[in-house]
Amino acid sequence: LSKSYPDFGQISFRKPDVHLSFKCSRCAECCKNMKIRLTSLDIKNLCERLKVDTRKFHLRYTSIIIGKNKLPQYLLKTKPECVFYENGCTVYESRPSSCRLYPFGTYHVFDKVYYFKVKNCIGFGKKKRIMINSFIKENQVGNHLSFINKWELINNIELDKVKDKPRFVNLYKQLLFFFDSKFTKSFIKENNLKSFSFEDKILFFINYLLEYKN
């Protein structure tokens, strides 16, 4: 398992009903020098908040890295603080999933979800006692968390094992990151997905990609 651990240094798994000593110190260190990987749901919420389409959003606010599975991943730009940080988060109500969950993260092994705490967060060890479950509720992580659980399926795809790599990468980018493009709108129409909620459309896209790779 160690080869697939998230890059958070030392981590410790926790059950969601375990009590921990934590209180946010408002130091904003989590808004600096962090790699905030975006999901489709994150991008949708931010695009709506900023009133831009996905093309403009990516041009202005994201950078691309190639993940371990050799698929592109979209990150918020940093300088070194987050592009949306200015004496506080300027998109707080629409902040990404990983920001809502911080200083906790999730790690997936097959169908099981494990939680870990970020060791370098100075909020740990404070007098306030919390449960991860309560933290998730307070920070409105619920819908995001269930979405993240499905999103992890994409992160497990190994591009080297995909037959038609160029087409797969194009589908992956268009369906999951440029979901308001003409290509994706046409795909939605062809597959009778117009009445689907945004989340259900993305889940359909994920399942389509998982089948396509074979």
# chains A, B, ... in the order shown; residues from 1 in each chain; ligands from 1

call {"tool": "select_by_dssp", "arguments": {"residues": "segment 58-136 of chain A", "states": "strand (DSSP E or B)", "output": "ChimeraX atom specification"}}
result
/A:62-66,72-76,78,81-82,85,89,104-109,112-117,124-131

call {"tool": "residues_around", "arguments": {"residues": "Glu199 of chain A", "least_positions_apart": "5", "cutoff": "10 Å", "atoms": "only C-alpha atoms", "output": "list in words"}}
result
Ser40, Leu41, Asn143, His144, Phe147, Phe204 and Phe205 of chain A

call {"tool": "write_last_selection", "arguments": {"atoms": "N, CA, C and O atoms", "output": "PDB file, in the first residue's frame"}}
result
ATOM      1  N   SER A  40     -14.437  17.185 -11.102  1.00  0.00           N
ATOM      2  CA  SER A  40     -15.441  17.840 -11.942  1.00  0.00           C
ATOM      3  C   SER A  40     -16.391  18.681 -11.104  1.00  0.00           C
ATOM      4  O   SER A  40     -16.793  19.778 -11.504  1.00  0.00           O
ATOM      5  N   LEU A  41     -16.766  18.168  -9.941  1.00  0.00           N
ATOM      6  CA  LEU A  41     -17.687  18.885  -9.069  1.00  0.00           C
ATOM      7  C   LEU A  41     -17.057  20.183  -8.554  1.00  0.00           C
ATOM      8  O   LEU A  41     -17.720  21.227  -8.485  1.00  0.00           O
ATOM      9  N   ASN A 143     -21.708  15.537   0.294  1.00  0.00           N
ATOM     10  CA  ASN A 143     -21.900  15.271  -1.132  1.00  0.00           C
ATOM     11  C   ASN A 143     -20.567  15.176  -1.864  1.00  0.00           C
ATOM     12  O   ASN A 143     -20.392  14.362  -2.772  1.00  0.00           O
ATOM     13  N   HIS A 144     -19.626  16.006  -1.450  1.00  0.00           N
ATOM     14  CA  HIS A 144     -18.300  15.978  -2.072  1.00  0.00           C
ATOM     15  C   HIS A 144     -17.600  14.656  -1.791  1.00  0.00           C
ATOM     16  O   HIS A 144     -16.948  14.089  -2.662  1.00  0.00           O
ATOM     17  N   PHE A 147     -18.753  11.844  -3.867  1.00  0.00           N
ATOM     18  CA  PHE A 147     -18.269  12.062  -5.224  1.00  0.00           C
ATOM     19  C   PHE A 147     -16.797  11.684  -5.328  1.00  0.00           C
ATOM     20  O   PHE A 147     -16.372  11.051  -6.302  1.00  0.00           O
ATOM     21  N   PHE A 204     -21.752   8.704 -14.922  1.00  0.00           N
ATOM     22  CA  PHE A 204     -21.924   7.982 -16.191  1.00  0.00           C
ATOM     23  C   PHE A 204     -20.636   8.072 -17.011  1.00  0.00           C
ATOM     24  O   PHE A 204     -20.171   7.069 -17.567  1.00  0.00           O
ATOM     25  N   PHE A 205     -20.041   9.269 -17.072  1.00  0.00           N
ATOM     26  CA  PHE A 205     -18.792   9.457 -17.816  1.00  0.00           C
ATOM     27  C   PHE A 205     -17.683   8.571 -17.232  1.00  0.00           C
ATOM     28  O   PHE A 205     -16.913   7.950 -17.976  1.00  0.00           O
TER      29      PHE A 205
END

call {"tool": "residues_around", "arguments": {"residues": "Ile36 of chain A", "least_positions_apart": "2", "cutoff": "9 Å", "atoms": "only C-alpha atoms", "output": "MDAnalysis selection string"}}
result
chainID A and resid 34 38 74:77 82 96 98:99

call {"tool": "write_last_selection", "arguments": {"atoms": "C-alpha atoms", "output": "CSV table (one decimal), in the first residue's frame"}}
result
chain,number,residue,atom,x,y,z
A,34,MET,CA,-0.5,23.0,-1.5
A,38,LEU,CA,-9.7,19.4,-8.8
A,74,TYR,CA,-5.8,19.9,-13.0
A,75,LEU,CA,-4.6,21.8,-10.0
A,76,LEU,CA,-5.4,25.3,-8.8
A,77,LYS,CA,-2.6,27.7,-9.5
A,82,CYS,CA,-3.8,29.7,-3.7
A,96,PRO,CA,-12.9,22.5,-3.6
A,98,SER,CA,-9.9,18.8,-0.6
A,99,CYS,CA,-10.1,22.2,1.0

call {"tool": "closest_residue", "arguments": {"among": "A:Phe177, A:Trp151, A:Phe135, A:Phe187", "to": "Asn207 of chain A", "atoms": "only C-alpha atoms"}}
result
A:Trp151

call {"tool": "atom_distance", "arguments": {"atom1": "atom CA of Lys150 of chain A", "atom2": "atom CA of Leu50 of chain A"}}
result
25.8 Å

call {"tool": "residues_around", "arguments": {"residues": "Cys89 of chain A", "least_positions_apart": "5", "cutoff": "12 Å", "atoms": "only C-alpha atoms", "output": "PyMOL selection string"}}
result
chain A and resi 26+28-32+81-84+94-96+99-100

call {"tool": "write_last_selection", "arguments": {"atoms": "all heavy atoms", "output": "CSV table (one decimal), in the first residue's frame"}}
result
chain,number,residue,atom,x,y,z
A,26,ARG,N,-6.5,29.3,12.0
A,26,ARG,CA,-6.6,30.3,11.0
A,26,ARG,C,-5.3,30.8,10.5
A,26,ARG,O,-5.1,32.0,10.1
A,26,ARG,CB,-7.4,31.5,11.5
A,26,ARG,CG,-8.8,31.1,12.1
A,26,ARG,CD,-9.7,30.6,11.1
A,26,ARG,NE,-11.0,30.2,11.7
A,26,ARG,CZ,-12.0,29.6,11.0
A,26,ARG,NH1,-11.8,29.3,9.7
A,26,ARG,NH2,-13.1,29.2,11.6
A,28,ALA,N,-3.8,29.8,7.8
A,28,ALA,CA,-3.8,29.8,6.3
A,28,ALA,C,-2.7,29.1,5.6
A,28,ALA,O,-2.5,29.3,4.4
A,28,ALA,CB,-3.9,31.3,5.8
A,29,GLU,N,-1.9,28.3,6.4
A,29,GLU,CA,-0.8,27.6,5.8
A,29,GLU,C,-1.4,26.5,4.8
A,29,GLU,O,-0.7,26.2,3.8
A,29,GLU,CB,0.0,26.9,6.9
A,29,GLU,CG,0.9,27.8,7.6
A,29,GLU,CD,1.9,28.5,6.7
A,29,GLU,OE1,2.5,27.9,5.9
A,29,GLU,OE2,2.0,29.8,6.9
A,30,CYS,N,-2.6,26.1,5.0
A,30,CYS,CA,-3.2,25.1,4.1
A,30,CYS,C,-3.5,25.8,2.7
A,30,CYS,O,-3.9,25.1,1.8
A,30,CYS,CB,-4.4,24.5,4.7
A,30,CYS,SG,-5.7,25.6,5.3
A,31,CYS,N,-3.5,27.1,2.7
A,31,CYS,CA,-3.8,27.8,1.4
A,31,CYS,C,-2.5,28.1,0.7
A,31,CYS,O,-2.6,28.8,-0.4
A,31,CYS,CB,-4.6,29.1,1.7
A,31,CYS,SG,-6.1,28.9,2.6
A,32,LYS,N,-1.4,27.7,1.2
A,32,LYS,CA,-0.1,28.0,0.6
A,32,LYS,C,0.7,26.7,0.3
A,32,LYS,O,0.7,25.8,1.1
A,32,LYS,CB,0.7,28.9,1.5
A,32,LYS,CG,0.0,30.2,1.9
A,32,LYS,CD,0.8,30.9,3.0
A,32,LYS,CE,0.0,32.1,3.5
A,32,LYS,NZ,0.7,32.7,4.7
A,81,GLU,N,0.7,31.1,-2.6
A,81,GLU,CA,-0.6,30.8,-2.0
A,81,GLU,C,-1.6,30.6,-3.1
A,81,GLU,O,-1.4,30.9,-4.3
A,81,GLU,CB,-1.0,32.0,-1.2
A,81,GLU,CG,-1.3,33.3,-2.0
A,81,GLU,CD,-0.1,34.1,-2.2
A,81,GLU,OE1,1.0,33.6,-1.9
A,81,GLU,OE2,-0.2,35.3,-2.7
A,82,CYS,N,-2.7,30.0,-2.8
A,82,CYS,CA,-3.8,29.7,-3.7
A,82,CYS,C,-4.2,30.9,-4.5
A,82,CYS,O,-4.2,32.0,-3.9
A,82,CYS,CB,-5.0,29.1,-3.0
A,82,CYS,SG,-6.5,28.8,-4.0
A,83,VAL,N,-4.5,30.8,-5.7
A,83,VAL,CA,-5.0,31.9,-6.6
A,83,VAL,C,-6.2,32.6,-6.0
A,83,VAL,O,-6.4,33.7,-6.3
A,83,VAL,CB,-5.2,31.4,-8.0
A,83,VAL,CG1,-6.4,30.4,-8.1
A,83,VAL,CG2,-5.4,32.5,-9.0
A,84,PHE,N,-7.0,31.9,-5.2
A,84,PHE,CA,-8.2,32.5,-4.6
A,84,PHE,C,-8.0,33.0,-3.2
A,84,PHE,O,-8.9,33.3,-2.5
A,84,PHE,CB,-9.3,31.4,-4.7
A,84,PHE,CG,-9.8,31.1,-6.0
A,84,PHE,CD1,-9.7,29.8,-6.5
A,84,PHE,CD2,-10.2,32.0,-6.9
A,84,PHE,CE1,-10.1,29.4,-7.8
A,84,PHE,CE2,-10.6,31.7,-8.2
A,84,PHE,CZ,-10.6,30.4,-8.6
A,94,SER,N,-17.7,28.0,-2.2
A,94,SER,CA,-17.5,27.1,-3.4
A,94,SER,C,-16.2,26.4,-3.4
A,94,SER,O,-15.7,25.9,-4.4
A,94,SER,CB,-17.7,27.9,-4.7
A,94,SER,OG,-19.0,28.6,-4.7
A,95,ARG,N,-15.5,26.4,-2.3
A,95,ARG,CA,-14.1,25.8,-2.2
A,95,ARG,C,-14.1,24.4,-2.6
A,95,ARG,O,-15.1,23.6,-2.4
A,95,ARG,CB,-13.5,26.0,-0.8
A,95,ARG,CG,-14.2,25.3,0.3
A,95,ARG,CD,-13.8,25.9,1.7
A,95,ARG,NE,-14.3,25.1,2.8
A,95,ARG,CZ,-15.6,25.2,3.3
A,95,ARG,NH1,-16.5,26.0,2.6
A,95,ARG,NH2,-16.0,24.5,4.3
A,96,PRO,N,-13.0,23.9,-3.1
A,96,PRO,CA,-12.9,22.5,-3.6
A,96,PRO,C,-13.0,21.5,-2.4
A,96,PRO,O,-12.9,21.8,-1.2
A,96,PRO,CB,-11.4,22.4,-4.1
A,96,PRO,CG,-11.2,23.8,-4.6
A,96,PRO,CD,-11.8,24.7,-3.5
A,99,CYS,N,-10.2,21.1,0.1
A,99,CYS,CA,-10.1,22.2,1.0
A,99,CYS,C,-11.2,22.0,2.2
A,99,CYS,O,-10.9,22.3,3.3
A,99,CYS,CB,-10.4,23.5,0.3
A,99,CYS,SG,-9.2,23.9,-1.0
A,100,ARG,N,-12.3,21.5,1.8
A,100,ARG,CA,-13.4,21.3,2.8
A,100,ARG,C,-12.9,20.2,3.8
A,100,ARG,O,-13.2,20.3,5.0
A,100,ARG,CB,-14.7,20.9,2.1
A,100,ARG,CG,-15.3,21.9,1.3
A,100,ARG,CD,-16.5,21.4,0.5
A,100,ARG,NE,-17.0,22.4,-0.4
A,100,ARG,CZ,-18.0,23.2,0.0
A,100,ARG,NH1,-18.6,23.1,1.2
A,100,ARG,NH2,-18.5,24.2,-0.9
